[in-house]
Amino acid sequence: MPNNMMTDKVQLVIWYREGTDKPIYTFDARGRSLHQAIPWADENIFKNKAHFYYDSNPPALRVKNIQTSDAGLYKCRVDFHKSPTRNWRINVTVLVPPKNLAILDHQGAEVRDQKAGPYLEGDSINLTCLSSGGIPPPRVSWWREHALVDDSFQVLPDGTVRNVLHLKNISRRDLLTIYTCQASNGHVVAALTKKVMLDMNCK
């Protein structure tokens with residue numbers, strides 16, 4: 001919301017949510033100063049978790065404890081004392097971090113103790129990382145030390161995200177190498193990670 005609120009007195013602020021013509025939040029300063037304005041919220045939507053900060057820069061409606069049900073398109077209408085009424089649309093996206101990571105070995109068994117193998121020199125193996133949960137579905141990648149080695153992934157019908165790391169003709173230099181699977185759906189929350197170490201029987 002721009003600085004019109006600082007240069008011309010606000011009379012009324014109304015928030016709507018897409019799909020309804022009824023206001024979900026109002027800030028009524030008609031006939032009174034801003035610090036005496038009367039706030040009102042639809043309890044079926046915000047349940048005492050929304051508050052309009054008229055004196056912040058820019059003024060903002062802040063919503064605490066936001067949930068996935070709060071995502072959607074909102075419209076803000078502001079009536080001024082002299083200036084024309086203005087409207088803004090805001091698309092609210094709620095990120096849900098992934099909940100769980102599982103690493104499967106070449107036989108499809110889940111790696112429990114962060115160690116896969118032992119393998120033989122020259123083996124070619126697959127390590128599968130599965131990520132569950134998360135809105136939107138996370139990007140799942142494989143890292144060796146701090147280097148990205150595979151960022152190809154597939155979103156399965158049940159919402160699980162899969163990335164299969166193909167390791168061909170492993171050698172002595174792969175012994176005790178640590179690979180990290182990472183699932184991330186944004187920079188707002190930290191990525192979920194899980195490590196696996198390759199165990200080998202060397203010739």
# chains A, B, ... in the order shown; residues from 1 in each chain; ligands from 1
call {"tool": "select_by_dssp", "arguments": {"residues": "chain A", "states": "strand (DSSP E)", "output": "VMD selection string"}}
result
chain A and resid 10 to 17 25 to 28 38 to 41 50 to 53 60 to 63 72 to 80 86 to 92 100 to 104 115 to 120 125 to 132 139 to 144 147 to 150 154 to 155 161 to 167 178 to 184 192 to 201
call {"tool": "closest_atom_pairs", "arguments": {"of": "range 75-143 of chain A", "to": "range 10-17 of chain A", "cutoff": "6 Å", "atoms": "only C-alpha atoms", "output": "tab-separated table"}}
result
residue	atom	partner	partner_atom	distance
A:Lys75	CA	A:Tyr16	CA	5.1
A:Cys76	CA	A:Trp15	CA	4.6
A:Arg77	CA	A:Ile14	CA	5.1
A:Val78	CA	A:Val13	CA	4.6
A:Asp79	CA	A:Leu12	CA	5.1
A:Phe80	CA	A:Val10	CA	4.5
A:His81	CA	A:Gln11	CA	5.9
call {"tool": "write_last_selection", "arguments": {"atoms": "all heavy atoms", "output": "mmCIF file, in the first residue's frame"}}
result
data_model
loop_
_atom_site.group_PDB
_atom_site.id
_atom_site.type_symbol
_atom_site.label_atom_id
_atom_site.label_comp_id
_atom_site.auth_asym_id
_atom_site.auth_seq_id
_atom_site.Cartn_x
_atom_site.Cartn_y
_atom_site.Cartn_z
ATOM 1 N N LYS A 75 -8.151 -8.830 -2.102
ATOM 2 C CA LYS A 75 -8.268 -7.466 -2.637
ATOM 3 C C LYS A 75 -8.377 -6.487 -1.483
ATOM 4 O O LYS A 75 -9.117 -6.722 -0.520
ATOM 5 C CB LYS A 75 -9.499 -7.336 -3.537
ATOM 6 C CG LYS A 75 -9.594 -5.953 -4.215
ATOM 7 C CD LYS A 75 -10.815 -5.836 -5.111
ATOM 8 C CE LYS A 75 -12.068 -5.564 -4.317
ATOM 9 N NZ LYS A 75 -13.229 -5.188 -5.168
ATOM 10 N N CYS A 76 -7.611 -5.397 -1.591
ATOM 11 C CA CYS A 76 -7.670 -4.331 -0.600
ATOM 12 C C CYS A 76 -8.232 -3.073 -1.250
ATOM 13 O O CYS A 76 -7.756 -2.645 -2.303
ATOM 14 C CB CYS A 76 -6.271 -4.059 -0.036
ATOM 15 S SG CYS A 76 -6.209 -2.657 1.105
ATOM 16 N N ARG A 77 -9.226 -2.507 -0.620
ATOM 17 C CA ARG A 77 -9.819 -1.250 -1.101
ATOM 18 C C ARG A 77 -9.616 -0.178 -0.036
ATOM 19 O O ARG A 77 -9.864 -0.406 1.153
ATOM 20 C CB ARG A 77 -11.314 -1.438 -1.353
ATOM 21 C CG ARG A 77 -12.056 -0.130 -1.637
ATOM 22 C CD ARG A 77 -13.547 -0.352 -1.710
ATOM 23 N NE ARG A 77 -14.285 0.743 -1.116
ATOM 24 C CZ ARG A 77 -15.602 0.738 -0.898
ATOM 25 N NH1 ARG A 77 -16.321 -0.319 -1.231
ATOM 26 N NH2 ARG A 77 -16.184 1.771 -0.339
ATOM 27 N N VAL A 78 -9.137 0.999 -0.471
ATOM 28 C CA VAL A 78 -8.890 2.104 0.457
ATOM 29 C C VAL A 78 -9.654 3.336 -0.012
ATOM 30 O O VAL A 78 -9.481 3.787 -1.150
ATOM 31 C CB VAL A 78 -7.385 2.431 0.558
ATOM 32 C CG1 VAL A 78 -7.157 3.563 1.558
ATOM 33 C CG2 VAL A 78 -6.590 1.200 0.974
ATOM 34 N N ASP A 79 -10.509 3.854 0.866
ATOM 35 C CA ASP A 79 -11.224 5.105 0.614
ATOM 36 C C ASP A 79 -10.502 6.233 1.346
ATOM 37 O O ASP A 79 -10.231 6.128 2.556
ATOM 38 C CB ASP A 79 -12.666 5.018 1.122
ATOM 39 C CG ASP A 79 -13.484 4.006 0.357
ATOM 40 O OD1 ASP A 79 -13.070 3.614 -0.745
ATOM 41 O OD2 ASP A 79 -14.540 3.581 0.875
ATOM 42 N N PHE A 80 -10.181 7.306 0.608
ATOM 43 C CA PHE A 80 -9.492 8.456 1.185
ATOM 44 C C PHE A 80 -10.459 9.611 1.391
ATOM 45 O O PHE A 80 -11.583 9.617 0.867
ATOM 46 C CB PHE A 80 -8.346 8.899 0.271
ATOM 47 C CG PHE A 80 -7.260 7.867 0.099
ATOM 48 C CD1 PHE A 80 -7.289 6.989 -0.975
ATOM 49 C CD2 PHE A 80 -6.230 7.774 1.009
ATOM 50 C CE1 PHE A 80 -6.290 6.039 -1.141
ATOM 51 C CE2 PHE A 80 -5.228 6.827 0.854
ATOM 52 C CZ PHE A 80 -5.261 5.955 -0.230
ATOM 53 N N HIS A 81 -9.997 10.615 2.122
ATOM 54 C CA HIS A 81 -10.820 11.796 2.363
ATOM 55 C C HIS A 81 -11.002 12.604 1.082
ATOM 56 O O HIS A 81 -12.115 13.045 0.765
ATOM 57 C CB HIS A 81 -10.187 12.660 3.457
ATOM 58 C CG HIS A 81 -10.949 13.922 3.753
ATOM 59 N ND1 HIS A 81 -12.230 13.919 4.269
ATOM 60 C CD2 HIS A 81 -10.606 15.236 3.600
ATOM 61 C CE1 HIS A 81 -12.638 15.152 4.410
ATOM 62 N NE2 HIS A 81 -11.678 15.984 4.016
#
call {"tool": "residues_around", "arguments": {"residues": "Thr93 in chain A", "least_positions_apart": "5", "cutoff": "10 Å", "atoms": "only C-alpha atoms", "output": "list of chain:residue names"}}
result
A:Gln67, A:Thr68, A:Asp70, A:Ala71, A:Gly72, A:Leu73, A:Ile135, A:Pro136
call {"tool": "atom_distance", "arguments": {"atom1": "CA of Asn65 in chain A", "atom2": "CA of Val96 in chain A"}}
result
12.7 Å
call {"tool": "residues_around", "arguments": {"residues": "Lys194 in chain A", "least_positions_apart": "2", "cutoff": "8 Å", "atoms": "only C-alpha atoms", "output": "PDB file with N, CA and C atoms, in the first residue's frame"}}
result
ATOM      1  N   LEU A 101      12.337 -37.294   4.482  1.00  0.00           N
ATOM      2  CA  LEU A 101      13.199 -37.793   3.419  1.00  0.00           C
ATOM      3  C   LEU A 101      13.563 -39.243   3.720  1.00  0.00           C
ATOM      4  N   ALA A 102      13.582 -40.069   2.683  1.00  0.00           N
ATOM      5  CA  ALA A 102      14.016 -41.455   2.817  1.00  0.00           C
ATOM      6  C   ALA A 102      14.977 -41.766   1.679  1.00  0.00           C
ATOM      7  N   ILE A 103      16.069 -42.465   1.990  1.00  0.00           N
ATOM      8  CA  ILE A 103      17.035 -42.890   0.979  1.00  0.00           C
ATOM      9  C   ILE A 103      16.948 -44.411   0.845  1.00  0.00           C
ATOM     10  N   THR A 180      24.580 -36.381  -0.122  1.00  0.00           N
ATOM     11  CA  THR A 180      23.496 -35.740   0.619  1.00  0.00           C
ATOM     12  C   THR A 180      22.305 -35.507  -0.304  1.00  0.00           C
ATOM     13  N   CYS A 181      21.154 -35.963   0.151  1.00  0.00           N
ATOM     14  CA  CYS A 181      19.909 -35.650  -0.564  1.00  0.00           C
ATOM     15  C   CYS A 181      19.292 -34.420   0.079  1.00  0.00           C
ATOM     16  N   GLN A 182      18.842 -33.494  -0.756  1.00  0.00           N
ATOM     17  CA  GLN A 182      18.284 -32.241  -0.267  1.00  0.00           C
ATOM     18  C   GLN A 182      16.931 -31.983  -0.904  1.00  0.00           C
ATOM     19  N   LEU A 192      15.436 -29.584   3.765  1.00  0.00           N
ATOM     20  CA  LEU A 192      15.504 -30.843   4.498  1.00  0.00           C
ATOM     21  C   LEU A 192      16.598 -31.684   3.857  1.00  0.00           C
ATOM     22  N   VAL A 196      24.060 -40.153   3.180  1.00  0.00           N
ATOM     23  CA  VAL A 196      24.359 -41.577   3.072  1.00  0.00           C
ATOM     24  C   VAL A 196      25.840 -41.716   2.701  1.00  0.00           C
TER      25      VAL A 196
END
call {"tool": "select_by_dssp", "arguments": {"residues": "chain A", "states": "alpha helix (DSSP H)", "output": "list of chain:residue names"}}
result
A:Asn4, A:Met5, A:Met6, A:Thr7
call {"tool": "closest_residue", "arguments": {"among": "A:Ser69, A:Val189, A:Arg89, A:Leu104", "to": "Ala116 in chain A", "atoms": "only C-alpha atoms"}}
result
A:Leu104
call {"tool": "closest_residue", "arguments": {"among": "A:Ala147, A:Leu127, A:Lys203, A:Ala60", "to": "Gln107 in chain A", "atoms": "only C-alpha atoms"}}
result
A:Leu127
call {"tool": "atom_distance", "arguments": {"atom1": "CA of Gln154 in chain A", "atom2": "CA of Asn100 in chain A"}}
result
16.1 Å
call {"tool": "closest_residue", "arguments": {"among": "A:Leu148, A:Ala37, A:Leu95, A:Val164", "to": "Tyr54 in chain A", "atoms": "only C-alpha atoms"}}
result
A:Ala37
call {"tool": "atom_distance", "arguments": {"atom1": "CA of Arg62 in chain A", "atom2": "CA of Lys49 in chain A"}}
result
8.2 Å
call {"tool": "residues_around", "arguments": {"residues": "Gly186 in chain A", "least_positions_apart": "4", "cutoff": "9 Å", "atoms": "only C-alpha atoms", "output": "PDB file with N, CA, C and O atoms, in the first residue's frame"}}
result
ATOM      1  N   LEU A  95       3.872 -21.496   1.871  1.00  0.00           N
ATOM      2  CA  LEU A  95       4.802 -22.605   1.679  1.00  0.00           C
ATOM      3  C   LEU A  95       4.713 -23.570   2.849  1.00  0.00           C
ATOM      4  O   LEU A  95       4.696 -23.160   4.011  1.00  0.00           O
ATOM      5  N   PRO A  97       6.936 -26.755   4.204  1.00  0.00           N
ATOM      6  CA  PRO A  97       8.181 -27.482   3.946  1.00  0.00           C
ATOM      7  C   PRO A  97       7.945 -28.987   3.864  1.00  0.00           C
ATOM      8  O   PRO A  97       6.975 -29.503   4.427  1.00  0.00           O
ATOM      9  N   PRO A 136       4.604 -25.838  -2.389  1.00  0.00           N
ATOM     10  CA  PRO A 136       4.497 -26.756  -3.530  1.00  0.00           C
ATOM     11  C   PRO A 136       5.489 -27.908  -3.378  1.00  0.00           C
ATOM     12  O   PRO A 136       6.352 -27.855  -2.495  1.00  0.00           O
ATOM     13  N   PRO A 138       8.659 -30.067  -3.369  1.00  0.00           N
ATOM     14  CA  PRO A 138      10.033 -29.549  -3.331  1.00  0.00           C
ATOM     15  C   PRO A 138      10.868 -30.026  -4.506  1.00  0.00           C
ATOM     16  O   PRO A 138      10.539 -31.010  -5.178  1.00  0.00           O
ATOM     17  N   ARG A 139      11.961 -29.318  -4.729  1.00  0.00           N
ATOM     18  CA  ARG A 139      13.000 -29.769  -5.645  1.00  0.00           C
ATOM     19  C   ARG A 139      13.916 -30.698  -4.856  1.00  0.00           C
ATOM     20  O   ARG A 139      14.399 -30.339  -3.783  1.00  0.00           O
ATOM     21  N   ALA A 190      14.509 -23.597   5.769  1.00  0.00           N
ATOM     22  CA  ALA A 190      15.719 -24.362   5.485  1.00  0.00           C
ATOM     23  C   ALA A 190      15.373 -25.658   4.763  1.00  0.00           C
ATOM     24  O   ALA A 190      14.313 -26.251   4.975  1.00  0.00           O
ATOM     25  N   ALA A 191      16.291 -26.101   3.898  1.00  0.00           N
ATOM     26  CA  ALA A 191      16.091 -27.335   3.164  1.00  0.00           C
ATOM     27  C   ALA A 191      16.166 -28.528   4.116  1.00  0.00           C
ATOM     28  O   ALA A 191      16.870 -28.507   5.123  1.00  0.00           O
TER      29      ALA A 191
END
call {"tool": "closest_atom_pairs", "arguments": {"of": "range 142-176 of chain A", "to": "range 117-126 of chain A", "cutoff": "12 Å", "atoms": "only C-alpha atoms", "output": "JSON lines"}}
result
{"residue": "A:Trp142", "atom": "CA", "partner": "A:Asn126", "partner_atom": "CA", "distance": 11.9}
{"residue": "A:Asn163", "atom": "CA", "partner": "A:Asn126", "partner_atom": "CA", "distance": 10.0}
{"residue": "A:Val164", "atom": "CA", "partner": "A:Asn126", "partner_atom": "CA", "distance": 6.4}
{"residue": "A:Leu165", "atom": "CA", "partner": "A:Asn126", "partner_atom": "CA", "distance": 5.5}
{"residue": "A:His166", "atom": "CA", "partner": "A:Asn126", "partner_atom": "CA", "distance": 4.7}
{"residue": "A:Leu167", "atom": "CA", "partner": "A:Ile125", "partner_atom": "CA", "distance": 5.3}
{"residue": "A:Lys168", "atom": "CA", "partner": "A:Ser124", "partner_atom": "CA", "distance": 4.2}
{"residue": "A:Asn169", "atom": "CA", "partner": "A:Gly122", "partner_atom": "CA", "distance": 4.2}
{"residue": "A:Ile170", "atom": "CA", "partner": "A:Gly122", "partner_atom": "CA", "distance": 5.1}
{"residue": "A:Ser171", "atom": "CA", "partner": "A:Glu121", "partner_atom": "CA", "distance": 5.1}
{"residue": "A:Arg172", "atom": "CA", "partner": "A:Glu121", "partner_atom": "CA", "distance": 6.8}
{"residue": "A:Arg173", "atom": "CA", "partner": "A:Glu121", "partner_atom": "CA", "distance": 9.8}
{"residue": "A:Asp174", "atom": "CA", "partner": "A:Glu121", "partner_atom": "CA", "distance": 9.1}
{"residue": "A:Leu175", "atom": "CA", "partner": "A:Tyr119", "partner_atom": "CA", "distance": 9.2}
{"residue": "A:Leu176", "atom": "CA", "partner": "A:Pro118", "partner_atom": "CA", "distance": 10.1}
